[in-house]
Each structure stands twice: as C-alpha cells, then as structure tokens.
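**Student:** Structure below; questions to follow.
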Amino acid sequence: MVLARLTSAPFVLEKTNSQQIRARGCTLVLDWLHDQPGASWQQRWHATGAEQEGIDWRRVPARWLRDHGSTAKWRQSALSGALIVAISADLIRPSLPWLVSGATGKGALVRAIARGRDVEGFTQLRALCDADPGVSPAETTLTLHRAAEIVAAKGGTLADVTVGDVLELLDAERDVHTKPSIGTTVFYRMLRTMGIFGDTAPATLRELRTTGQRTPGELIDRYRLACRPIRNLLVDYLAERQPALDYTSLESLAHYLGKVFWADIERHHPGIDSLHLSAEVADAWKQRLRTKTTTIRTETGHRTEVAVPRINYRECLTPVRAFYLDLVLWAVEDPARWAPWVAPCPVGIEEINRRKDKRHRKSRMDARTRERLPVLPVLVRTVDLQRKNARALLDAGRRARPGETFTAAEQTLVRAATPHTRTDKIWADDPSSGKRRDLTLAEDHAFWAFAIVEVLRATGVRIEELLELSHHSLVQYRLPTTGELVPLLQIAPSKTDTERLLLVDPELADVLSTIIDRIRDRSGAVPLVPAYDIHECVWSPPAPLLFQRRVNGENRAITPDGVRRMLTAALEHTGLADPATGEPIRFTPHDFRRLFITDAVLNGLPPHIAQVIAGHRDINVTLGYKAVYPEEAIQSHLAFLARRRALRPSEEYRVPTDEEWQEFFGHFERRKVSIGTCGRGFGSACIHEHACVRCSLLWAAPEQRPRLVEIRDNLIARIAEAEREGWHGEVEGLQISLAGAEDKLAQIDNRTRNTTIVELGNPSLPKDS
C-alpha cells in the first residue's frame, strides 16, 4: 500500500524510464527502512543513523546495499532520489539540522514538496518573490528551499508554518553553518506577506531577534560573579531601585556595580565574599579604575594597545558610594534584610567631587568645538559633492548595459553582469583598481550622510531626536499678526521629556522635502516602519519616520550606529586630519549640537533663546555648550572700559585734527585688497598677519573669483607637496588657508546665484452667487 502511494500521482515522472528507476528506488527505500527496528516508519528512519551522518548520510544506505549484495551505483542513486519522495509524501520527517546541512539538495526537495504537498502554496510564494524587485533570484531559491525544509520537517503545508518554525530553522542554520545565513529577512517577509503568520506577528524578523529588556538577575548574570551571596545582593538592590529608574539607568547601574566594581575585585582577589573591603583592596581597585586600555595607531601605521587615563573615573565611583549608603539607610527600615550587608564605604565624599573634572571637560569640549567649527563648511561641501557624484554614477550605470563602459563624475567604470543579484542593484567594475563596486549602496550611503549632516547642523538636535523625526513632525503655524504660515519642526520628547518646535528655514525645508521625496513608496505615502530603542530595548510602533532606508527589500529605520558609520565614511573623503592624533578628524552627532549653539550665539542669538531651541532645562547647560565667553563677562568688561574712560583726563577727548581726520578717512581707502575689501575697524591690527584668505572680515569681490580659484588650486598643490615631503607643520596651516579660500568661493557663489521669480498673480475675491 505504501509503495503504491509512492509510485502514483503526484509522484509519477513523465519519462517512463525515469519513473521505473524511481519505483525501484522506492522499493529499496522501503526495504532499507523495513530492516531497521521500530514500530513506525519514522522510528525506523531514526534507527538507521543517517541523520547523525549529516551531509554524508548516503554512506549508510550504501553499506546496507553492499551487505545485501547490491553494488550497482544506479541503485544508490535511485535510493537517494526515492528518499526525497518518501519525505514529500510525509512518510518520514527528517530533522531540521539534517535538512539544512544540504543532505537533500535545494532543487530536488523544493520540486518534490511543491509537487507532492502544496502546489498552490509554493506557486504563490514563488510569484510573490518574482514580483518583488528587492528579491534576487538567489534569495528566491533560498526562500523556497527554507519553506520546503520546514514543511518536510514539520508536516502539513505552507499555511501551517508558524513563527516558531522559522526561528527554529534559522537557529539550526546558525548551528550547522560556519558562515552567517543570507536572505533570512526576505524569507520571513515573504511568508508574512502571504498572510501565513496572521496580523499579530511582528513586522520584521529583527523584531523577533531582539532580546528586549532584561531582568535585574539577567543584567547581573552577564558578569558571571563567583560569590553567590553578593550576586543575590546586587540583584535585590537593582530590583529595589528599578521602579524609580528608566531601563537605561538600571542597565548602567548594573554595569558599574556588577562589572566595574565587583567583577574586577573578584578577578584580582579570588575568594572574596564580603563588602567590607580592606584599605589595600579598595585602593588597588581605585588605582586600576583610573586607567583603561585603548588602541592607538603608531607613527609606523601599526595599531597597539596602551593604557590611558579614564576620563569618567569619578563617575564610576559615584554608583558604588550610593550603593553602600543605600544599604545603611535601608538597614534602618528593614534590618533583617539589609543590615548584614552594611559595611564602611570604600569611596569617600571628597573622591566624587567633580567640579575640577567638569572644568576640564568644558575645556576639552571647547577645544573640540573650535577645531571643528572652521572645517564644518568643508564637510558640508564634501557630503553634497559625494551625493551628486554617487547619483551621477548610479544613473549612468543604470543606462549602461552589462559589460558596457560608462563615465560619470570624472570616473570610468564598467557595468558588471550580475544575473543572480536583485534587479534594483547596480554593480560596476573599476578598471583602475580591479574592484567591484555596489553603486546602489554607495549612492544610498552618500545621500543619507548628506541628509544627516544637513539636518544636524541646521537644527542642533540630539541623535535620538533626529532618528525620531517623522512625516508628522512637520507642522504649520499661522502668525496671528500677519496671517503668514510658518513651517515648524516638532521635536518629540527625549532626554528632558519636553517637546519643542523649531523654525524651518528654506535650506532645511529643501533638505526635508528631498528626504520625503526619496522615501515615498509607489502610492506616494511615507512607509510605516518600527524603530528599536537601543537604550530602552523596546520596539516603537510603526511610524512614518524620515530617516529610513531600504535594506534587503524592506524599509528599516536608520540606527545610531548607522549614523556614526556614515559620518565617519563621509569625513574620510574630506582629507581633514585631527591636529592631536594625525588621524582623520571625527565628528560625533553631538558635535553638531555644540557647533549649532556656538554658531548661533556668535551670530547674536540671545542665550535664553538658544536654550529653548536646544531643549535645555538650565541655561548654564547651554552656556557650557558654546565655546565663547559668557555675555555677562563681555558686558561687564565694556562697563569697566566706560568707567575707566570717565576717570581719564578730559583733554584726551579733544576734537581730532585735520591730519587725524585724513588718516581716519584714508583707512577706508586702504581697506581695498587684491581679492575684495577688508572690514576690520579703524586703528585695529590685522590678526591674520595679512593672510587675507583666512580672515572672516574679508568681503570677497565676485569679479575676483578667478583669482580665488588660482589661490585655491595653488594651495591644493602645496598641500600635496608638503604631504609628499613630510612637512607636517606646514600642512596644517595650508589646510586652514584652503578652508578659508573655499569658504570665500562659496560666499561669492551664494551672492551671485541666479534665482527664478515665480509670478503668483493677484488674489481675487469670489463673486457673490
């Protein structure tokens, strides 16, 4: 009866000879399984030991054939092919590890399962993959094969597959294969699109893979503490503090107490089991805490590990002192639970005084801001140029045929033939380097680097606020006096739990409209995507986020790590170096916040207005961000000068002579320089020693643009010569001059840029009906 089922429709082959071989193979499979112990075909399959052999399972039936006098190779091949028929007929159900090891081959298993188990389901799945341009032929093959493996191992049809089955399959692939599996997100997305999982299933596979928030016990157990009583105490302490803390603070507290404090003590003092630390143990721990190991690049280009001072040393001591003092306080209220752990605190009150550290931090941040503010225009121009060049290369690559050479953005590439990749991917070979480049990915990264830099420098928002911007963040406000509509950007509550509104200027509006136009789907709507909060370890509901990109055929919110990687890559193209280390200069997202506040205050924005725009609760925080003197100090200095002048003899304030007037008026005639006009005040010295191209007081004349271009090109050539000859001291000064020349060229271009006037016509009132 079983043989008749395996040799009848839908398992019958079209060719008579092939069907006869298959029928003989089915007989051999049944005979092989019948010789094994067990009450069912499944038990007999397990008894063969073939699954333990993995991809080499064919050696097991080969031995059985030899023992029964059958040595013909066609019999081994027929038995192997017939086993797939037995699997598709649900006679046996192999394990997922055996299937993912490649024991059956991709094409044969898919064809057998699709034909013998679920023709309609696999046809629909293949059509869904073929219709999606974000799914490559290779990913289609993998999706069908994975679906067939689940059906073969679990039984039923595609409609019976669950989310748990998918996770079990992917876990089996991770255990069996040494390399990471590809196409997993596409596989989950295709099954969910078919409606197999229902509406309650997570939208993406990434949502299933995240761990979420850990309990206090799980947070502490990450550090594998040897002393169980101390481990239990730390867990109880975190559980007691948990209601008053957000998850980020709770995880940080577990890190300081579990890893920085007790795990370090156990590592250097094995067997310790008491919070009552001797002076030697406490001092040794604090001495180790003062330094940390970091990796630097030597002059020869090699990377090595060195010990450097820990900047946040006192911040690590504060949670430990709070822990000891909390135990003392709680012991008064609940002595049975906390009193046994009361001990002298190893951290004194004077050791957590951070006033000096805050002043040092202010100095470091001001120096960092002053280093980056002059080079910000270079970064802005670079990311804009990279975006345009990447777009030009991608457009030219799309127009070219496979194997055809194309030129764009002063680069010559060859369109690569990639029949197995996604249809929306454009690859090109670089003849000069011999490398293959993903033009689609390069354009995507270049665009988002441009968008990130422009929005950060125009708004000064925090990185979490940037990534939470959505289509709903753009609102309008009508001025009550004039009735004018003003565009505003709504910043969602983040660090200070207070939302705020920022004015959108024309440049920022242009960037935001470009972003929205890019992320719209075919229907014109902004896709809804969930975002993962790396601090709170939770997924937010799907929202029309502005900073989202297409990855593996699905829309994903850009992550903070992605922002930092794109900024680092963009800065490498600028060629700017950090004066302290000599390595490429780095911008963090928070650097743009400091630059925004500093630039705003320098240009006359009152500090209390800057405080509102930045979203600070305390104006002193805002003043700490700007790398300039406080306004009060400047006003006090001006008042001092006025008082001193009032005390001086009145004859010093006489009427100027004719010669003095001529000298004063001649000052304005002498302001003319070769490339424009100098704007420095009368009687003031030139602070740049007549290096006019560096000076912010130089007003460049548009007709002198060709001369500025010559100066810029000469500076570029001199920088190249200095780098070639190793004149590092000269390179830094030349780069400052180059930044000044490019800034003057940008000013000229902005003033001479042509504008198009759109005639809107005169409004008219509707006629009364």
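Chains: A, B, ... in order of the structure tokens. Residues: from 1 per chain. Ligands: from 1, in order shown.
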Give me the residues near Val2 of chain A as a VMD selection string, where near means some atom within 9 Å (using only C-alpha atoms) and where sequence neighbours in that chain fewer than 5 positions away do not count.

**Tutor:** chain A and resid 7 30 91

**Student:** Which residues of segment 335-382 of chain A come within 10 Å of segment 310-326 of chain A, and what is each one's closest atom pair and distance in Å (one decimal), counting only C-alpha atoms, sorted by chain and residue number, as a tab-separated table?

**Tutor:**
```
residue	atom	partner	partner_atom	distance
A:Trp338	CA	A:Asp326	CA	9.4
A:Trp341	CA	A:Tyr324	CA	8.8
A:Val342	CA	A:Tyr324	CA	7.1
A:Ala343	CA	A:Tyr324	CA	7.1
A:Pro344	CA	A:Tyr324	CA	7.5
A:Cys345	CA	A:Tyr324	CA	5.7
A:Pro346	CA	A:Arg321	CA	7.4
A:Val347	CA	A:Arg321	CA	5.6
A:Gly348	CA	A:Arg321	CA	7.6
A:Ile349	CA	A:Arg321	CA	8.3
A:Glu351	CA	A:Arg314	CA	6.9
A:Ile352	CA	A:Arg314	CA	5.3
A:Asn353	CA	A:Arg314	CA	7.6
A:Arg354	CA	A:Arg314	CA	6.9
A:Asp357	CA	A:Ile311	CA	8.3
A:His360	CA	A:Ile311	CA	9.7
A:Arg361	CA	A:Ile311	CA	8.7
```

**Student:** Next, dump the selected residues to file, keeping only C-alpha atoms, as a compact mmCIF listing (two decimals), in the first residue's frame.

**Tutor:**
```txt
# COMPACT_ATOMS: atom_id res chain seq x y z
CA TRP A 338 19.84 44.77 54.66
CA TRP A 341 25.49 43.83 54.37
CA VAL A 342 26.23 47.20 55.95
CA ALA A 343 29.95 47.98 55.69
CA PRO A 344 32.25 51.02 55.61
CA CYS A 345 32.12 52.71 52.23
CA PRO A 346 35.42 52.45 50.31
CA VAL A 347 34.68 55.72 48.44
CA GLY A 348 34.96 59.00 50.35
CA ILE A 349 32.88 62.10 49.73
CA GLU A 351 36.62 61.39 45.85
CA ILE A 352 33.38 62.05 43.98
CA ASN A 353 33.80 65.82 43.82
CA ARG A 354 33.64 66.52 40.09
CA ASP A 357 36.62 67.40 36.19
CA HIS A 360 38.48 70.12 32.39
CA ARG A 361 35.64 68.64 30.38
```

**Student:** So that I can check the surroundings of Ile558 of chain A, please list as a PyMOL selection string every protein, DNA and RNA residue that reaches within 12 Å of it, counting only C-alpha atoms and ignoring chain neighbours fewer than 5 positions away.

**Tutor:** chain A and resi 444-445+448-449+451-452+463-464+466-469+529-534+545-551+563-566

**Student:** Using only C-alpha atoms, determine which residues lie at most 10 Å from Phe187 of chain A, disregarding the query and same-chain residues fewer than 5 positions distant; provide the list as a PDB file with C-alpha atoms, in the first residue's frame.

**Tutor:**
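out-v5.pdb, written as the output of this step:
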```
ATOM      1  CA  LEU A 125       5.338  32.052  -2.811  1.00  0.00           C
ATOM      2  CA  CYS A 129       9.281  36.616  -4.791  1.00  0.00           C
ATOM      3  CA  VAL A 135      14.396  39.924  -4.007  1.00  0.00           C
ATOM      4  CA  GLU A 139      17.132  34.823  -2.437  1.00  0.00           C
ATOM      5  CA  THR A 140      14.083  33.381  -4.188  1.00  0.00           C
ATOM      6  CA  LEU A 142      16.705  30.162  -0.660  1.00  0.00           C
ATOM      7  CA  THR A 143      13.197  31.219   0.346  1.00  0.00           C
ATOM      8  CA  LEU A 144      11.570  28.286  -1.461  1.00  0.00           C
ATOM      9  CA  HIS A 145      14.141  25.847  -0.087  1.00  0.00           C
ATOM     10  CA  ARG A 146      13.696  27.020   3.511  1.00  0.00           C
ATOM     11  CA  ALA A 147       9.919  26.761   3.178  1.00  0.00           C
ATOM     12  CA  VAL A 166      11.005  29.924  11.222  1.00  0.00           C
ATOM     13  CA  ILE A 182      21.766  35.185   3.912  1.00  0.00           C
ATOM     14  CA  ARG A 192       4.362  37.203   6.424  1.00  0.00           C
ATOM     15  CA  LEU A 205      12.476  39.327  11.611  1.00  0.00           C
TER      16      LEU A 205
END
```

**Student:** Pick out the closest residue to Gln42 of chain A from this set: A:Gln76, A:Ser363, A:Thr405, A:Ser95. Count only C-alpha atoms.

**Tutor:** A:Ser95

**Student:** Just the strand (DSSP E or B) stuff from segment 178-380 of chain A, please, per backbone DSSP, written as a list of chain:residue names.

**Tutor:**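 Restricting segment 178-380 of chain A to strand (DSSP E or B) produces A:Thr291, A:Lys292, A:Thr293, A:Thr294, A:Thr295, A:Ile296, A:Arg297, A:Arg303, A:Thr304, A:Glu305, A:Val306, A:Ala307, A:Val308, A:Pro309.
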
**Student:** Could you write out that same residue set with N, CA, C and O atoms as an mmCIF file, in the first residue's frame?

**Tutor:**
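And here is the file that came out, result29.cif:
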```
data_model
loop_
_atom_site.group_PDB
_atom_site.id
_atom_site.type_symbol
_atom_site.label_atom_id
_atom_site.label_comp_id
_atom_site.auth_asym_id
_atom_site.auth_seq_id
_atom_site.Cartn_x
_atom_site.Cartn_y
_atom_site.Cartn_z
ATOM 1 N N THR A 291 42.739 54.027 35.003
ATOM 2 C CA THR A 291 43.203 53.879 33.625
ATOM 3 C C THR A 291 42.358 52.849 32.890
ATOM 4 O O THR A 291 41.678 52.029 33.504
ATOM 5 N N LYS A 292 42.409 52.912 31.598
ATOM 6 C CA LYS A 292 41.751 51.924 30.752
ATOM 7 C C LYS A 292 42.629 51.649 29.541
ATOM 8 O O LYS A 292 43.519 52.444 29.208
ATOM 9 N N THR A 293 42.377 50.558 28.872
ATOM 10 C CA THR A 293 43.167 50.165 27.708
ATOM 11 C C THR A 293 42.475 50.607 26.434
ATOM 12 O O THR A 293 41.283 50.379 26.260
ATOM 13 N N THR A 294 43.231 51.261 25.562
ATOM 14 C CA THR A 294 42.679 51.694 24.288
ATOM 15 C C THR A 294 43.682 51.378 23.184
ATOM 16 O O THR A 294 44.865 51.132 23.447
ATOM 17 N N THR A 295 43.205 51.387 21.956
ATOM 18 C CA THR A 295 44.043 51.069 20.798
ATOM 19 C C THR A 295 44.376 52.349 20.038
ATOM 20 O O THR A 295 43.479 53.138 19.731
ATOM 21 N N ILE A 296 45.668 52.563 19.761
ATOM 22 C CA ILE A 296 46.104 53.738 19.024
ATOM 23 C C ILE A 296 46.940 53.290 17.834
ATOM 24 O O ILE A 296 47.405 52.142 17.770
ATOM 25 N N ARG A 297 47.144 54.228 16.901
ATOM 26 C CA ARG A 297 47.977 53.961 15.730
ATOM 27 C C ARG A 297 49.337 54.636 15.926
ATOM 28 O O ARG A 297 49.403 55.827 16.218
ATOM 29 N N ARG A 303 48.773 49.367 14.861
ATOM 30 C CA ARG A 303 47.885 49.610 15.991
ATOM 31 C C ARG A 303 48.396 48.850 17.208
ATOM 32 O O ARG A 303 48.794 47.689 17.102
ATOM 33 N N THR A 304 48.386 49.513 18.339
ATOM 34 C CA THR A 304 48.860 48.904 19.577
ATOM 35 C C THR A 304 47.977 49.353 20.731
ATOM 36 O O THR A 304 47.329 50.401 20.665
ATOM 37 N N GLU A 305 47.945 48.551 21.784
ATOM 38 C CA GLU A 305 47.130 48.847 22.960
ATOM 39 C C GLU A 305 47.986 49.551 24.012
ATOM 40 O O GLU A 305 49.092 49.114 24.321
ATOM 41 N N VAL A 306 47.435 50.656 24.547
ATOM 42 C CA VAL A 306 48.132 51.420 25.577
ATOM 43 C C VAL A 306 47.140 51.747 26.686
ATOM 44 O O VAL A 306 45.920 51.745 26.477
ATOM 45 N N ALA A 307 47.665 52.030 27.863
ATOM 46 C CA ALA A 307 46.841 52.433 28.998
ATOM 47 C C ALA A 307 46.745 53.954 29.017
ATOM 48 O O ALA A 307 47.756 54.656 28.970
ATOM 49 N N VAL A 308 45.526 54.458 29.079
ATOM 50 C CA VAL A 308 45.280 55.895 29.091
ATOM 51 C C VAL A 308 44.413 56.220 30.307
ATOM 52 O O VAL A 308 43.696 55.356 30.823
ATOM 53 N N PRO A 309 44.453 57.454 30.801
ATOM 54 C CA PRO A 309 43.605 57.817 31.946
ATOM 55 C C PRO A 309 42.118 57.692 31.608
ATOM 56 O O PRO A 309 41.690 57.999 30.500
#
```

**Student:** Restricting the calculation to only C-alpha atoms: of A:Glu218, A:Glu554, A:Asp118, A:Leu6, which residue gets closest to Arg189 of chain A?

**Tutor:**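 Looking only at the distances to Arg189 of chain A, the closest residue turns out to be A:Glu554.
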
**Student:** Rank A:Glu454, A:Asp35, A:Asp199, A:Asp171 by their smallest atom-to-atom distance to Phe592 of chain A, using only C-alpha atoms, and report the top residue only.

**Tutor:**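 Comparing A:Glu454, A:Asp35, A:Asp199, A:Asp171 against Phe592 of chain A, the winner is A:Glu454.
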
**Student:** Considering only C-alpha atoms, return as a short mmCIF file (atom, residue, chain, number, x, y, z; two decimals) with all heavy atoms, in the first residue's frame whatever protein or nucleic-acid residues lie within 8 Å of Lys744 of chain A, sequence-local ones (same chain, fewer than 6 positions apart) excluded.

**Tutor:**
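This went into selection24.cif:
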```
data_model
loop_
_atom_site.label_atom_id
_atom_site.label_comp_id
_atom_site.auth_asym_id
_atom_site.auth_seq_id
_atom_site.Cartn_x
_atom_site.Cartn_y
_atom_site.Cartn_z
N VAL A 693 43.03 85.54 3.00
CA VAL A 693 42.11 84.48 2.61
C VAL A 693 41.57 83.73 3.82
O VAL A 693 40.52 83.10 3.76
CB VAL A 693 42.82 83.51 1.63
CG1 VAL A 693 43.82 82.64 2.38
CG2 VAL A 693 41.81 82.66 0.88
N ALA A 700 34.90 89.14 -0.08
CA ALA A 700 35.45 88.83 -1.41
C ALA A 700 34.58 89.42 -2.51
O ALA A 700 33.35 89.38 -2.45
CB ALA A 700 35.56 87.32 -1.58
N LEU A 708 40.67 83.80 -6.87
CA LEU A 708 40.47 82.90 -5.73
C LEU A 708 40.64 81.44 -6.14
O LEU A 708 41.18 80.63 -5.40
CB LEU A 708 39.10 83.12 -5.11
CG LEU A 708 39.02 84.10 -3.94
CD1 LEU A 708 37.58 84.32 -3.54
CD2 LEU A 708 39.83 83.60 -2.77
#
```
